[in-house]
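The structure file target-v9.txt is reproduced below (compact mmCIF, C-alpha atoms).
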```
# COMPACT_ATOMS: atom_id res chain seq x y z
CA MET A 208 54.54 -115.65 43.46
CA PRO A 209 51.48 -117.33 44.98
CA LEU A 210 51.50 -118.43 48.60
CA VAL A 211 53.38 -121.71 49.02
CA THR A 212 53.18 -124.35 51.72
CA SER A 213 55.85 -124.44 54.37
CA LYS A 214 56.66 -128.12 53.85
CA GLN A 215 59.44 -127.75 51.27
CA MET A 216 60.75 -124.62 53.02
CA LEU A 217 61.36 -126.56 56.21
CA LEU A 218 62.73 -129.64 54.49
CA ASP A 219 65.19 -127.42 52.62
CA ALA A 220 66.15 -125.75 55.92
CA GLN A 221 66.65 -129.13 57.55
CA ARG A 222 68.87 -130.26 54.71
CA GLY A 223 70.83 -126.98 54.67
CA GLN A 224 71.16 -126.64 58.46
CA TYR A 225 69.49 -123.26 58.69
CA ALA A 226 66.05 -122.13 59.88
CA VAL A 227 63.05 -120.38 58.40
CA GLY A 228 61.74 -117.45 60.41
CA ALA A 229 58.03 -117.42 61.24
CA PHE A 230 56.89 -113.91 62.10
CA ASN A 231 53.58 -113.14 63.78
CA ILE A 232 51.72 -110.22 62.24
CA GLU A 233 48.83 -108.12 63.50
CA ASN A 234 48.05 -105.79 60.60
CA MET A 235 48.87 -104.85 57.01
CA GLU A 236 51.95 -102.81 57.93
CA MET A 237 53.56 -105.70 59.78
CA ALA A 238 52.84 -108.00 56.84
CA GLN A 239 54.43 -105.50 54.46
CA ALA A 240 57.46 -105.13 56.74
CA VAL A 241 58.07 -108.87 57.00
CA ILE A 242 57.76 -109.50 53.27
CA ASP A 243 59.93 -106.47 52.45
CA ALA A 244 62.58 -107.86 54.82
CA ALA A 245 62.36 -111.27 53.15
CA GLN A 246 62.83 -109.67 49.75
CA GLU A 247 65.91 -107.74 50.84
CA THR A 248 67.54 -110.73 52.51
CA GLY A 249 66.42 -113.27 49.92
CA SER A 250 64.82 -115.39 52.63
CA PRO A 251 61.87 -117.78 52.47
CA VAL A 252 59.41 -116.65 55.12
CA MET A 253 56.34 -117.65 57.08
CA LEU A 254 53.82 -115.05 58.25
CA ALA A 255 51.70 -116.22 61.16
CA THR A 256 48.57 -115.25 63.06
CA THR A 257 47.39 -116.45 66.45
CA PRO A 258 43.80 -117.21 67.51
CA SER A 259 43.40 -113.84 69.25
CA THR A 260 44.62 -112.02 66.13
CA LEU A 261 42.01 -113.94 64.14
CA ARG A 262 39.33 -112.67 66.50
CA TYR A 263 40.50 -109.17 65.60
CA ALA A 264 40.14 -109.97 61.87
CA PRO A 265 39.12 -113.41 60.54
CA PRO A 266 41.33 -115.77 58.51
CA PRO A 267 40.02 -114.69 55.06
CA VAL A 268 41.17 -111.11 55.72
CA PHE A 269 44.75 -112.09 56.61
CA ALA A 270 44.96 -114.75 53.91
CA ALA A 271 43.82 -112.31 51.23
CA MET A 272 46.12 -109.54 52.42
CA VAL A 273 49.22 -111.71 52.67
CA GLY A 274 48.35 -113.51 49.44
CA ALA A 275 48.20 -110.19 47.59
CA LEU A 276 51.58 -109.13 49.01
CA ALA A 277 53.13 -112.53 48.27
CA ALA A 278 51.99 -112.31 44.65
CA GLN A 279 54.37 -109.36 44.21
CA ALA A 280 57.27 -111.02 46.01
CA LYS A 281 60.14 -113.00 44.51
CA VAL A 282 60.73 -115.15 47.59
CA PRO A 283 58.60 -118.04 48.89
CA VAL A 284 55.92 -116.88 51.34
CA ALA A 285 53.72 -119.16 53.47
CA MET A 286 50.70 -118.16 55.58
CA HIS A 287 50.66 -120.01 58.89
CA LEU A 288 48.16 -120.51 61.70
CA ASP A 289 50.13 -120.30 64.95
CA HIS A 290 48.89 -122.17 68.03
CA GLY A 291 45.64 -123.30 66.47
CA SER A 292 43.33 -123.79 69.43
CA SER A 293 40.86 -126.17 67.78
CA VAL A 294 40.37 -128.30 64.70
CA GLU A 295 37.53 -125.93 63.82
CA LEU A 296 39.93 -122.99 63.63
CA VAL A 297 42.41 -125.09 61.65
CA SER A 298 39.64 -125.89 59.14
CA LYS A 299 38.63 -122.22 58.88
CA ALA A 300 42.22 -121.19 58.22
CA LEU A 301 42.65 -123.85 55.55
CA ALA A 302 39.39 -122.87 53.88
CA ALA A 303 40.55 -119.25 53.83
CA GLY A 304 43.76 -120.16 52.01
CA TYR A 305 46.32 -120.64 54.77
CA THR A 306 49.14 -122.83 53.51
CA SER A 307 50.45 -124.06 56.87
CA VAL A 308 48.71 -124.76 60.19
CA MET A 309 49.58 -125.59 63.77
CA ILE A 310 47.36 -127.45 66.18
CA ASP A 311 48.39 -126.93 69.80
CA GLY A 312 47.29 -129.78 72.02
CA SER A 313 50.20 -129.37 74.42
CA ALA A 314 47.94 -128.56 77.39
CA LEU A 315 46.16 -131.92 76.96
CA SER A 316 47.22 -135.38 78.01
CA PHE A 317 49.51 -137.22 75.61
CA GLU A 318 46.67 -139.36 74.23
CA GLN A 319 44.35 -136.36 73.86
CA ASN A 320 47.12 -134.44 72.12
CA VAL A 321 47.63 -137.34 69.71
CA ALA A 322 43.90 -137.49 69.02
CA ILE A 323 43.38 -133.79 68.28
CA THR A 324 46.56 -133.63 66.20
CA CYS A 325 45.39 -136.59 64.12
CA GLU A 326 42.10 -134.75 63.55
CA ALA A 327 43.98 -131.69 62.32
CA VAL A 328 46.12 -133.79 59.98
CA ARG A 329 42.95 -135.34 58.55
CA ALA A 330 41.38 -131.88 58.15
CA ALA A 331 44.46 -130.70 56.22
CA GLY A 332 44.14 -133.71 53.95
CA GLY A 333 47.68 -133.35 52.65
CA HIS A 334 46.92 -129.94 51.15
CA ALA A 335 48.84 -128.07 53.85
CA PRO A 336 51.49 -129.21 56.34
CA VAL A 337 50.57 -129.51 60.01
CA GLU A 338 52.75 -128.55 62.97
CA GLY A 339 52.10 -130.21 66.31
CA GLU A 340 53.44 -129.44 69.76
CA LEU A 341 54.61 -131.80 72.47
CA GLY A 342 55.85 -130.58 75.81
CA ARG A 343 54.78 -127.19 77.00
CA ILE A 344 56.29 -123.82 76.15
CA GLY A 345 55.72 -121.55 79.11
CA GLY A 346 54.92 -117.85 79.36
CA LYS A 347 52.13 -115.70 77.98
CA GLU A 348 51.38 -114.60 74.45
CA ASP A 349 47.94 -113.23 73.50
CA ASP A 350 45.50 -115.37 75.50
CA LEU A 351 47.89 -118.33 75.54
CA VAL A 352 49.13 -118.93 79.08
CA ALA A 353 51.17 -121.97 80.02
CA GLU A 354 53.31 -123.04 82.94
CA ALA A 355 56.92 -123.79 82.11
CA GLY A 356 58.71 -126.97 83.03
CA ALA A 357 57.02 -129.61 80.85
CA ASN A 358 59.91 -130.20 78.47
CA THR A 359 59.51 -132.63 75.59
CA ASP A 360 60.39 -136.26 76.22
CA PRO A 361 62.40 -137.62 73.27
CA ALA A 362 60.81 -141.06 73.30
CA GLN A 363 57.32 -139.55 73.43
CA ALA A 364 58.27 -137.20 70.61
CA ALA A 365 59.17 -140.13 68.36
CA GLU A 366 55.91 -141.90 69.20
CA PHE A 367 53.90 -138.70 68.70
CA VAL A 368 55.30 -138.07 65.23
CA LYS A 369 54.78 -141.68 64.20
CA ARG A 370 51.17 -141.79 65.38
CA THR A 371 50.07 -138.38 64.12
CA SER A 372 52.04 -138.00 60.86
CA VAL A 373 52.69 -134.33 61.60
CA ASP A 374 55.00 -132.49 59.22
CA SER A 375 56.87 -130.59 61.94
CA LEU A 376 57.07 -130.59 65.73
CA ALA A 377 57.33 -127.73 68.21
CA VAL A 378 59.35 -128.84 71.23
CA GLY A 379 59.70 -127.63 74.79
CA ILE A 380 63.30 -127.15 75.90
CA GLY A 381 62.92 -124.25 78.34
CA THR A 382 61.81 -121.42 76.08
CA ALA A 383 58.79 -119.26 76.90
CA HIS A 384 56.40 -116.95 75.09
CA GLY A 385 56.62 -113.23 75.71
CA PHE A 386 59.63 -111.41 77.13
CA TYR A 387 61.75 -113.29 79.64
CA ALA A 388 61.66 -112.11 83.25
CA LYS A 389 65.00 -113.83 83.83
CA THR A 390 67.63 -115.47 81.67
CA PRO A 391 66.22 -118.71 80.24
CA VAL A 392 68.09 -121.97 80.76
CA LEU A 393 67.70 -124.08 77.64
CA ASP A 394 68.01 -127.85 77.72
CA LYS A 395 69.97 -128.06 74.48
CA GLU A 396 71.08 -131.62 75.08
CA ARG A 397 67.40 -132.60 75.17
CA LEU A 398 66.98 -130.94 71.78
CA SER A 399 69.85 -133.03 70.39
CA GLN A 400 68.25 -136.16 71.83
CA ILE A 401 64.92 -135.32 70.19
CA ARG A 402 66.62 -134.67 66.87
CA ALA A 403 68.28 -138.08 67.04
CA VAL A 404 64.92 -139.88 67.10
CA VAL A 405 62.60 -137.49 65.22
CA ARG A 406 63.04 -136.99 61.49
CA VAL A 407 60.52 -134.21 60.82
CA PRO A 408 61.65 -130.57 61.10
CA LEU A 409 61.72 -129.21 64.65
CA VAL A 410 60.31 -125.84 65.69
CA LEU A 411 61.47 -123.37 68.36
CA HIS A 412 58.79 -121.18 69.93
CA GLY A 413 59.47 -118.37 72.38
CA ALA A 414 62.53 -117.00 70.57
CA SER A 415 61.87 -113.34 71.42
CA GLY A 416 64.59 -112.39 73.88
CA LEU A 417 66.90 -115.35 73.34
CA THR A 418 70.52 -114.52 72.64
CA ASP A 419 71.80 -114.90 69.09
CA GLU A 420 74.17 -117.56 70.37
CA ASP A 421 71.30 -119.62 71.78
CA VAL A 422 69.33 -119.37 68.54
CA ARG A 423 72.35 -120.40 66.46
CA ASP A 424 73.08 -123.34 68.74
CA CYS A 425 69.47 -124.55 68.57
CA ILE A 426 69.57 -124.38 64.77
CA ALA A 427 72.82 -126.35 64.74
CA ARG A 428 71.09 -128.98 66.89
CA GLY A 429 68.17 -129.41 64.49
CA ILE A 430 65.73 -126.49 64.74
CA CYS A 431 64.37 -125.65 61.26
CA LYS A 432 61.76 -123.01 62.13
CA VAL A 433 62.07 -120.19 64.66
CA ASN A 434 59.03 -118.21 65.79
CA PHE A 435 59.18 -114.48 66.55
CA ALA A 436 56.18 -112.56 67.90
CA THR A 437 56.58 -110.40 71.01
CA GLU A 438 59.64 -108.53 69.77
CA LEU A 439 57.82 -107.56 66.57
CA ARG A 440 54.88 -106.13 68.48
CA ALA A 441 57.22 -104.16 70.70
CA ALA A 442 59.12 -102.85 67.66
CA PHE A 443 55.95 -101.70 65.91
CA THR A 444 54.72 -99.95 69.06
CA GLU A 445 58.06 -98.26 69.67
CA GLY A 446 58.07 -96.95 66.10
CA VAL A 447 54.65 -95.36 66.60
CA LYS A 448 55.69 -93.90 69.97
CA GLN A 449 58.84 -92.42 68.45
CA ALA A 450 56.84 -90.80 65.66
CA LEU A 451 54.51 -89.22 68.21
CA ARG A 452 57.44 -88.02 70.34
CA GLU A 453 58.85 -86.29 67.28
CA ASP A 454 55.49 -84.75 66.34
CA GLU A 455 52.80 -84.88 68.99
CA ASN A 456 50.31 -83.42 66.51
CA LEU A 457 50.72 -86.31 64.08
CA TYR A 458 47.34 -87.84 63.33
CA ASP A 459 47.70 -89.52 59.94
CA PRO A 460 47.40 -93.33 60.49
CA LYS A 461 49.50 -93.93 57.37
CA LYS A 462 52.47 -92.07 58.85
CA LEU A 463 52.09 -93.87 62.16
CA GLY A 464 51.91 -97.17 60.29
CA GLU A 465 55.03 -96.33 58.28
CA ALA A 466 56.93 -95.59 61.47
CA GLY A 467 55.95 -98.92 62.97
CA LYS A 468 56.69 -100.72 59.72
CA ARG A 469 60.26 -99.39 59.53
CA CYS A 470 61.06 -100.74 63.00
CA VAL A 471 59.50 -104.15 62.30
CA LYS A 472 61.37 -104.47 59.01
CA GLU A 473 64.72 -103.66 60.62
CA LEU A 474 64.19 -106.22 63.38
CA THR A 475 62.89 -108.87 60.98
CA MET A 476 65.91 -108.53 58.70
CA ALA A 477 68.21 -109.09 61.68
CA LYS A 478 66.31 -112.22 62.69
CA MET A 479 66.33 -113.57 59.13
CA LEU A 480 70.07 -113.12 58.86
CA LEU A 481 70.49 -114.81 62.24
CA CYS A 482 68.50 -117.84 61.10
CA ALA A 483 70.44 -118.04 57.85
CA ARG A 484 73.88 -117.50 59.32
CA ILE A 485 75.01 -121.11 59.21
CA ARG A 486 73.35 -121.82 55.88
CA THR A 487 75.49 -124.20 53.80
```

Have the structure of the file written as structure tokens, please.
Amino acid sequence: MPLVTSKQMLLDAQRGQYAVGAFNIENMEMAQAVIDAAQETGSPVMLATTPSTLRYAPPPVFAAMVGALAAQAKVPVAMHLDHGSSVELVSKALAAGYTSVMIDGSALSFEQNVAITCEAVRAAGGHAPVEGELGRIGGKEDDLVAEAGANTDPAQAAEFVKRTSVDSLAVGIGTAHGFYAKTPVLDKERLSQIRAVVRVPLVLHGASGLTDEDVRDCIARGICKVNFATELRAAFTEGVKQALREDENLYDPKKLGEAGKRCVKELTMAKMLLCARIRT
């Protein structure tokens, strides 16, 4: 089927008390792996690219590739811009055919964040849903580096959603991008407080490395979209390394890609089943 927007996906997840997985991809093989996993588990899915990935290959390349794969799929597939760094990049992604975008103004002041998020919502013009972020998710992913500790204030979250008209909101509750150096301490009560005053679907970033129990609990408290990135990269790389350990003379990129794809698919299926586990 054609690419769909993420809006109905997330509203359905909110209503059904489960979450949609958003999986960051870097190449064709990872896109194939994620969509294959979605097909096997019967899961709606979001494929995402970050600004640094879009410097590697521009939005039209990823939109065309994922669109072609989605056309052969029997599950809903959305193409998402993750951590959009500017309204210009948001506009480029939308023009290329992305069906979901995020604008990340979390490093700005509250008023500046509101302003840039409103610009992104205007740029989308109702044709694609917009995800905003309030509070700061720490760690490092690609060229995104942020200090931890700026968790989302529930009252500000309610004001932010009202003033910007975003379709979903990424919140800071103690998660971080990349692999965790130590066990994260999540402020789950804060998440419940945000959910009590914010009606749009909530998003959890920095899920790579969280325990299954933590992910399930966050979904039960209102998370409707869970982002996975670092673990997928590590899985793809480990698949390639394993193939080369088994045959150090292997030089065919297709075989290396297949090895990476198998590992990404296996991991993605596990994450999809985790997000769907409490589906009603």

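Within the 10 Å cut-off around His287 in chain A, using all atoms listed in the file and omitting residues fewer than 5 positions from it on the same chain, the listed residues are Thr212, Ser213, Ala229, Phe230, Asn231, Met253, Leu254, Ala255, Thr256, Thr257, Ala270, Ala300, Leu301, Gly304, Tyr305, Thr306, Ser307, Val308, Met309, Ala335, Pro336, Val337 and Glu338 of chain A.
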
Query raised in the report: To one decimal place, how far is CA of Thr248 in chain A from CA of Pro408 in chain A in Å?
Result: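 Value for the CA of Thr248 in chain A-CA of Pro408 in chain A distance: 22.4 Å.
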
Query raised in the report: Excluding same-chain residues fewer than 2 positions from Gly291 in chain A, what lies within 7 Å of it counting all atoms listed in the file, as a ChimeraX atom specification?
Result: /A:258,288-289,293,296-297,309-311

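If you measure from each of A:Ser259, A:Pro209, A:Ala226, A:His334 to Ala278 in chain A using only C-alpha atoms, the closest one turns out to be A:Pro209.
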
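Comparing the minimum interatomic distances between Thr359 in chain A and each of A:Glu236, A:Asp374, A:Glu396, A:Asp421, counting all atoms listed in the file, we find that A:Glu396 sits nearest.
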
Report task. For each of A:Ala280, A:Arg423, A:Lys448, A:Leu218, take the minimum atom-to-atom distance to Leu480 in chain A, counting all atoms listed in the file, then give the residue where this is smallest. Result -> A:Arg423

Could you add whatever atoms are missing so that range 434-446 of chain A carries N, CA, C and O atoms, then write the result as a JSON list (two decimals), keeping the file's coordinate frame?
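Result file is selection.json:
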```json
[["chain", "number", "residue", "atom", "x", "y", "z"],
["A", 434, "ASN", "N", 60.16, -119.13, 65.71],
["A", 434, "ASN", "CA", 59.03, -118.21, 65.79],
["A", 434, "ASN", "C", 59.41, -116.92, 66.50],
["A", 434, "ASN", "O", 60.05, -116.95, 67.56],
["A", 435, "PHE", "N", 58.97, -115.79, 65.93],
["A", 435, "PHE", "CA", 59.18, -114.48, 66.55],
["A", 435, "PHE", "C", 57.84, -113.76, 66.60],
["A", 435, "PHE", "O", 57.16, -113.65, 65.58],
["A", 436, "ALA", "N", 57.47, -113.25, 67.76],
["A", 436, "ALA", "CA", 56.18, -112.56, 67.90],
["A", 436, "ALA", "C", 56.30, -111.31, 68.77],
["A", 436, "ALA", "O", 56.10, -110.20, 68.31],
["A", 437, "THR", "N", 56.62, -111.51, 70.05],
["A", 437, "THR", "CA", 56.58, -110.40, 71.01],
["A", 437, "THR", "C", 57.49, -109.26, 70.60],
["A", 437, "THR", "O", 57.12, -108.08, 70.69],
["A", 438, "GLU", "N", 58.70, -109.58, 70.15],
["A", 438, "GLU", "CA", 59.64, -108.53, 69.77],
["A", 438, "GLU", "C", 59.10, -107.68, 68.61],
["A", 438, "GLU", "O", 59.36, -106.48, 68.55],
["A", 439, "LEU", "N", 58.37, -108.32, 67.70],
["A", 439, "LEU", "CA", 57.82, -107.56, 66.57],
["A", 439, "LEU", "C", 56.75, -106.58, 67.03],
["A", 439, "LEU", "O", 56.67, -105.45, 66.54],
["A", 440, "ARG", "N", 55.92, -107.03, 67.95],
["A", 440, "ARG", "CA", 54.88, -106.13, 68.48],
["A", 440, "ARG", "C", 55.52, -104.93, 69.18],
["A", 440, "ARG", "O", 55.07, -103.79, 69.00],
["A", 441, "ALA", "N", 56.54, -105.24, 69.97],
["A", 441, "ALA", "CA", 57.22, -104.16, 70.70],
["A", 441, "ALA", "C", 57.88, -103.19, 69.72],
["A", 441, "ALA", "O", 57.85, -101.96, 69.93],
["A", 442, "ALA", "N", 58.46, -103.71, 68.64],
["A", 442, "ALA", "CA", 59.12, -102.85, 67.66],
["A", 442, "ALA", "C", 58.11, -101.95, 66.96],
["A", 442, "ALA", "O", 58.36, -100.75, 66.77],
["A", 443, "PHE", "N", 56.97, -102.51, 66.58],
["A", 443, "PHE", "CA", 55.95, -101.70, 65.91],
["A", 443, "PHE", "C", 55.48, -100.58, 66.84],
["A", 443, "PHE", "O", 55.38, -99.41, 66.45],
["A", 444, "THR", "N", 55.21, -100.94, 68.09],
["A", 444, "THR", "CA", 54.72, -99.95, 69.06],
["A", 444, "THR", "C", 55.75, -98.87, 69.32],
["A", 444, "THR", "O", 55.41, -97.68, 69.41],
["A", 445, "GLU", "N", 57.01, -99.24, 69.42],
["A", 445, "GLU", "CA", 58.06, -98.26, 69.67],
["A", 445, "GLU", "C", 58.19, -97.30, 68.49],
["A", 445, "GLU", "O", 58.43, -96.10, 68.67],
["A", 446, "GLY", "N", 58.02, -97.82, 67.26],
["A", 446, "GLY", "CA", 58.07, -96.95, 66.10],
["A", 446, "GLY", "C", 56.97, -95.90, 66.13],
["A", 446, "GLY", "O", 57.21, -94.71, 65.84]]
```
